[in-house]
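Data block below; observations after.
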Amino acid sequence: GDDEAPAPIYECAMRVVNGRVGDAPHHKHHHRGGGDTGDNGNVEVNPNVASLFKAATFLVSVLKANSGADSDRDSFSTVAGSVDDDVEAANANARDIEAKEKEVDAFMVLPNEDDVLDEIELARAKGNHEIGGNGLGPGTTAATQWSYFTHALNTNPKIETVLQSRRFELLEFLENAHEVTGCPLEDADSDHESDEEGSEGGASAHEAKKSNVNGVGAVTISWEDIVLRCVTYVRVQQAEGTFSEKTGICVFDLFRTHLQKARHVKEKRGNVQHSASLTVGDLSPRQLAHFYKCQAALDGYGVMEIVLETIASDDPDSKMSPLVHRAIELAIELQVGGNKVTQASVAKYINSQNGSKLLGVIHGRIANTSKMLEVRRAEKANTGYTPPNGSLLLGMGDTELMLSFLGAVCEGHNNEVQNLVRVQPHTATASTNVLMDCIDLLGVICSVNENLDTLGRHEVGLISKCVDTLVEALQGPCKANQELVADSAAILSVNNILASDLSAHQIPREERIICKCKAVLLVHACLEARSGGAAGDHKVHKDIGASLEPRNVDRFFESASIYIEAENHQKHRPNALGLGEKAVHGIIHNSVEGLRLDSEQETHGEEEGSIKEELLAALVTLDMIAKELAAVPDFAEQARPDHNAEVQNDFLDKYVGYVEVCWDGRIQQVSFPIPIYADYFKESSQHKFLQTVDLDGPEKRMKQLAKESLDMISEMKSIYTNSRNSVFYLFMHRNIVRVKRVLYCVVVILNLNLLMAPPHLRNILGVLHSPDSSSRPYLLAVHYTIALSSITALGYIVITGFLAYTEIPIVIREIDQLVQESEEKVAAREMKRSEFRNWGAFNVWIYALVFACMLMLMHQANYPGTPGLHLNRIWWVLVVIPWGLVAVRNFYVVPDNRPVRCFCIIMDALVLKSFLRNHIILMFFSIFGLFDSVHFSLMLLDVFNIVPIMGEILKSITIPGAKLLSVLFLFVITIYIYAAFGLDYFEGEFDYAKDDDNDDNLGCHSTMSCFWLIAYQGIPSGGYIENGMIPANNRMDSYMARVMYSLSFFVWVGVVLFNVITGLIVDSFTELRGASEERAATLADECFVCGLEEQEYDEQIDVGASFVKHVAQEHHWWSYVLYLAYLRDKEQTELDGLESYVLGRLKVSDFDWVPRKTCYSIQVLAVTPPKAATAV
């Protein structure tokens, strides 16, 4: 502390314990060393991580010099304050410290002392942000203060980040131990050479071995050796009963850190390297495979077995030891993501001789917590709410950890393990129904409504964890577990949770909302894969319908829907009343019954967003539950005073999407929350998909839909993100068609103005800058042109920027995804890095390049002294260079470095995104037109981007483009042949200007001049070559030859070639129009998803449904795009059985989950019900 007011030890410790180190004042401490001192020997303590270690050093010195009394502490501060002035006093003080070392050693208490740990764990379990009143105070012993302080250092997030990176460095070293162990340098020269040739890390391993001092013949140690040694040690110690808890914790932490490292990624932000933890859903396929491989490898070495042995050795009647705690955490990490290999090891252990011990420990922990909660419930019935005691808090914390372990065991819908938590048929002892223990625990807390209104925060957390475990044990589905839960008190507990406000006066809103949402999910898990035409006849449906009250469902639905609508309204509506953000949120929250919390602090926007998503998912689940239970009399006949079907349907139509999935031989109706970005997909993109998709059968349609859905989802997300960041972008997205039409009208008016303007006004800026006598009278017209051209230029710049901001991120995503997939294939040895380049891309372009070079050389040889740059420039600019750029782009199959990536992004944006490319050209025309107004006329071609029929006309030319180019080549050949023969036989009979009497215009004297004359005079006249020749008469010697010459040219060019061109274009337009009409008829008369035709649908269903509703609601193709987006966005560990099934089928391009020639309405209402649902 300051010189005037030294800070006691406990205050320094509390700054760390309470996470307020950054808020601590900048104190200056007198330091004993030279080190980091200022002019007066003072050290500035900055509020960062380094200050924690300085504070720790200070406290160590205090604790080693004093017994913990305040008087001693003050004495030490006095001595330390004068140390710079009196060195002798400092030395004396040092001798006193040395003399007290032995006394201090006896005084210092290790951090794992039971009483101290009890205090720390109890404080942590209570979740207090200020621990000072629960264990730390001015009168607390120095040992306890030091224990709190060291615990705070170990749990501080900033320090934890540093320590985690250090642990990862250690793991990196251990995992590559084979590179620094083994034979020393003198015996490994040959190994060094082979390493350098075959591995990039050979040189580094060779350098590392220089430091090996183990001698000749030293053993190479690998990571596998380390793991096996640790596992063997633990097994031996467990067998002998001498297992050291401290060593066990080190071993388990080592393995857990190894797995955590496997799902961490390093990213560089500026010059700083950061490490980020990824969930299973965030891992790429390659990273996920590596993570599963690490889990399976540890399991193969026996890690899971020793972990389960450690857990089974726990005493459920006493406090859980830190070793068992670490063992459970490691067991959970080994099963993250639902690893079937590690879960199989758990199943094997449960079926073994020691399996009953493990389940007995779990049963004991849950049962003891249930007993303590029953006692607490009785106490609250008499005295009202009282804070839970320390034993109960620690017991609930241990039980939550056990429940997390059970959830991890069942994660991924592992049916074998799900059944084992209920019954163990292969064990010699009686089965332990752990699933029933979870149900009983839930019933103890939730069976009485009054108890739910006096819950504490930790009890609500225990409810959520218990429901999570039950859901994991049901999803998949596990039918036996479903029947057990449905027939138990769990559904009544869910009903009470929905009816209660869950201690709204003291529990944060988000925790209560999440608890209710999970309760709804439990009911849905019980009904999973049990739908059908007679759903009400199922026993599970009857059991749930008898326990679940519709009025509570309606109440929760109403509260949640009001909350979501209010949040959305507030997000899109500015605070017009100027109430302030907190006041407005308070009004909204207080209007929501059941979710109100008057005294709580407002949460941040991200938390609100997550709560809204949780609520929306719960409402979707409620909708499916209501449909499932509609045929159950016990549920359907109950009074529902708050039910408003019209309001609920309107809400669901706005936020919920519907699809049908073929699963387990029946059609399942599936509801899902529509992604928030669904409204941001461009109508033009939807229209483009419908016009290009292959309609030849539902299987091809759905495969193409699934493939292109990735681009659709990416486009929606990009537009949504941009719209959130810019109001102007949102305006452009919603009004781009109107803006385009208005802008084109301005272009038309601009060209009308130029049409009436005199020719000497072509250079608008030049006339405006320096008007002369001839242009001065037209200055008003010039100003009109300037104003209109400025509007068009600004408009096309804005539109081009908008399109670039939309399209380029999509191009970048596609390229980055290609690079990532290619790198993963290289790592899996499915692709060679040499395939990243395609030298064959230049094969055809080389011909064009050689032809261009030869053309230049031949022109110079045949026309010496004549530049002839125009033809060469046209050939190079329009053909060679663009073709070369395309060839270079095709050469870079995988752009794996930054310059190549930038080039490929630009090329793909210009070549693949035609709308963007066209508007870039129009933008340049709008700017160049100010210097030469002729460019403004080219902007009228924008009509092809605006009017759909114009696009069809353009397609009728571009689609037969290759054939038209072939006909054009025939034109060139024909003109050349007739030019050669004309020069030979009719050289003096050609006439460049028939109306001019000048004889200099007669004749063509080279093949080239005849070529251009025929092209200019004969082709435009429809093949009438006589337009370029003098009149012929029968007195001429060449009369018959002229007749044959002209007539053959007319027949070949005027009749044949021109009609071929006309036929190609007309046939193409007719084919396009016919295909468009056929496509429209197919989409109107046949279901896009299942291929069911209207007539077939009407024959199978007499009343109760319509084909129009079937196509628009039940099987709308756009709903399936949104469903795929929902599945891809959802965390993999949160998928239910049906969702996991659909994603699994998608990964192998199997579409048997898509209904074919059937639907849910046919399944329920069909005149002749189908035998079984068929799929694509």
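We label chains A, B, ... in the order they appear in the structure tokens, count residues from 1 in each chain, and number ligands from 1 in the order shown.
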Quick one: residues within 10 Å of Thr432 (chain A), only C-alpha atoms counted, chain neighbours fewer than 2 positions away excluded, as JSON, numbers by chain? {"A": [355, 356, 357, 358, 359, 360, 362, 363, 420, 421, 422, 423, 424, 429, 430, 434, 435, 436, 437]}
Excluding Ser547 (chain A) and residues on its chain fewer than 2 positions from it, collect all residues at most 12 Å away from it, counting only C-alpha atoms, and give them as a PyMOL selection string. chain A and resi 447+485-496+523+540-545+549-553+629+632+634-635+638
What's the separation between CA of Trp875 (chain A) and CA of Ile953 (chain A), in Å to one decimal place? 27.2 Å
Which of region 317-412 of chain A counts as helix (DSSP H, G or I) under DSSP, as number ranges by chain please? A: 322-334, 340-350, 355-383, 390-410
Tyr677 (chain A) proximity check over A:Ala979, A:Ile1061, A:Ile1019, A:Leu1122, using only C-alpha atoms: winner is A:Leu1122
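Around Val1089 (chain A), within 8 Å and counting only C-alpha atoms, the residues found are Pro698, Arg701, Met702, His1115, His1116, Trp1117, Val1154, Pro1155 and Arg1156 of chain A, once anything fewer than 5 positions away on its own chain is removed.
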Residues from the last selection, C-alpha atoms, saved as an mmCIF file, in the first residue's frame:
data_model
loop_
_atom_site.group_PDB
_atom_site.id
_atom_site.type_symbol
_atom_site.label_atom_id
_atom_site.label_comp_id
_atom_site.auth_asym_id
_atom_site.auth_seq_id
_atom_site.Cartn_x
_atom_site.Cartn_y
_atom_site.Cartn_z
ATOM 1 C CA PRO A 698 -37.253 -35.271 -57.146
ATOM 2 C CA ARG A 701 -33.838 -31.690 -57.530
ATOM 3 C CA MET A 702 -33.163 -32.259 -53.840
ATOM 4 C CA HIS A 1115 -43.298 -29.343 -48.980
ATOM 5 C CA HIS A 1116 -42.135 -25.883 -49.928
ATOM 6 C CA TRP A 1117 -38.599 -26.143 -51.297
ATOM 7 C CA VAL A 1154 -36.887 -36.834 -48.111
ATOM 8 C CA PRO A 1155 -40.470 -38.112 -48.625
ATOM 9 C CA ARG A 1156 -41.257 -39.431 -52.080
#
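The interatomic distance for the pair CA of Leu171 (chain A) and CA of His258 (chain A) works out to 6.4 Å.
Among A:Val893, A:Ile846, A:Leu916, A:Ile764, the residue with the shortest atom-to-atom distance to Thr806 (chain A), counting only C-alpha atoms, is A:Leu916.
Taking CA of Gly364 (chain A) and CA of Met396 (chain A) as the two end points, the separation is 12.5 Å.
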Show me, as JSON, numbers by chain, the residues that have an atom within 8 Å of region 705-709 of chain A when counting only C-alpha atoms, minus same-chain residues fewer than 5 positions from it. {"A": [693, 1121, 1124, 1125]}
Considering only C-alpha atoms, return as JSON, numbers by chain whatever protein or nucleic-acid residues lie within 10 Å of region 719-728 of chain A, sequence-local ones (same chain, fewer than 4 positions apart) excluded. {"A": [676, 677, 678, 679, 680, 681, 682, 713, 714, 715, 732, 733, 734, 802, 805, 806, 807, 809, 810]}
For Met923 (chain A), work out the shell of residues within 8 Å, counting only C-alpha atoms and skipping chain neighbours fewer than 2 positions away, then give it as a list in words. Ala793, Tyr796, Ile797, Thr800, His919, Ile920, Ile921, Phe925, Ser926 and Ile927 of chain A
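Considering only C-alpha atoms, the residue among A:Ile749, A:Arg530, A:Ala781, A:Ala630 positioned nearest to Leu940 (chain A) is A:Ile749.
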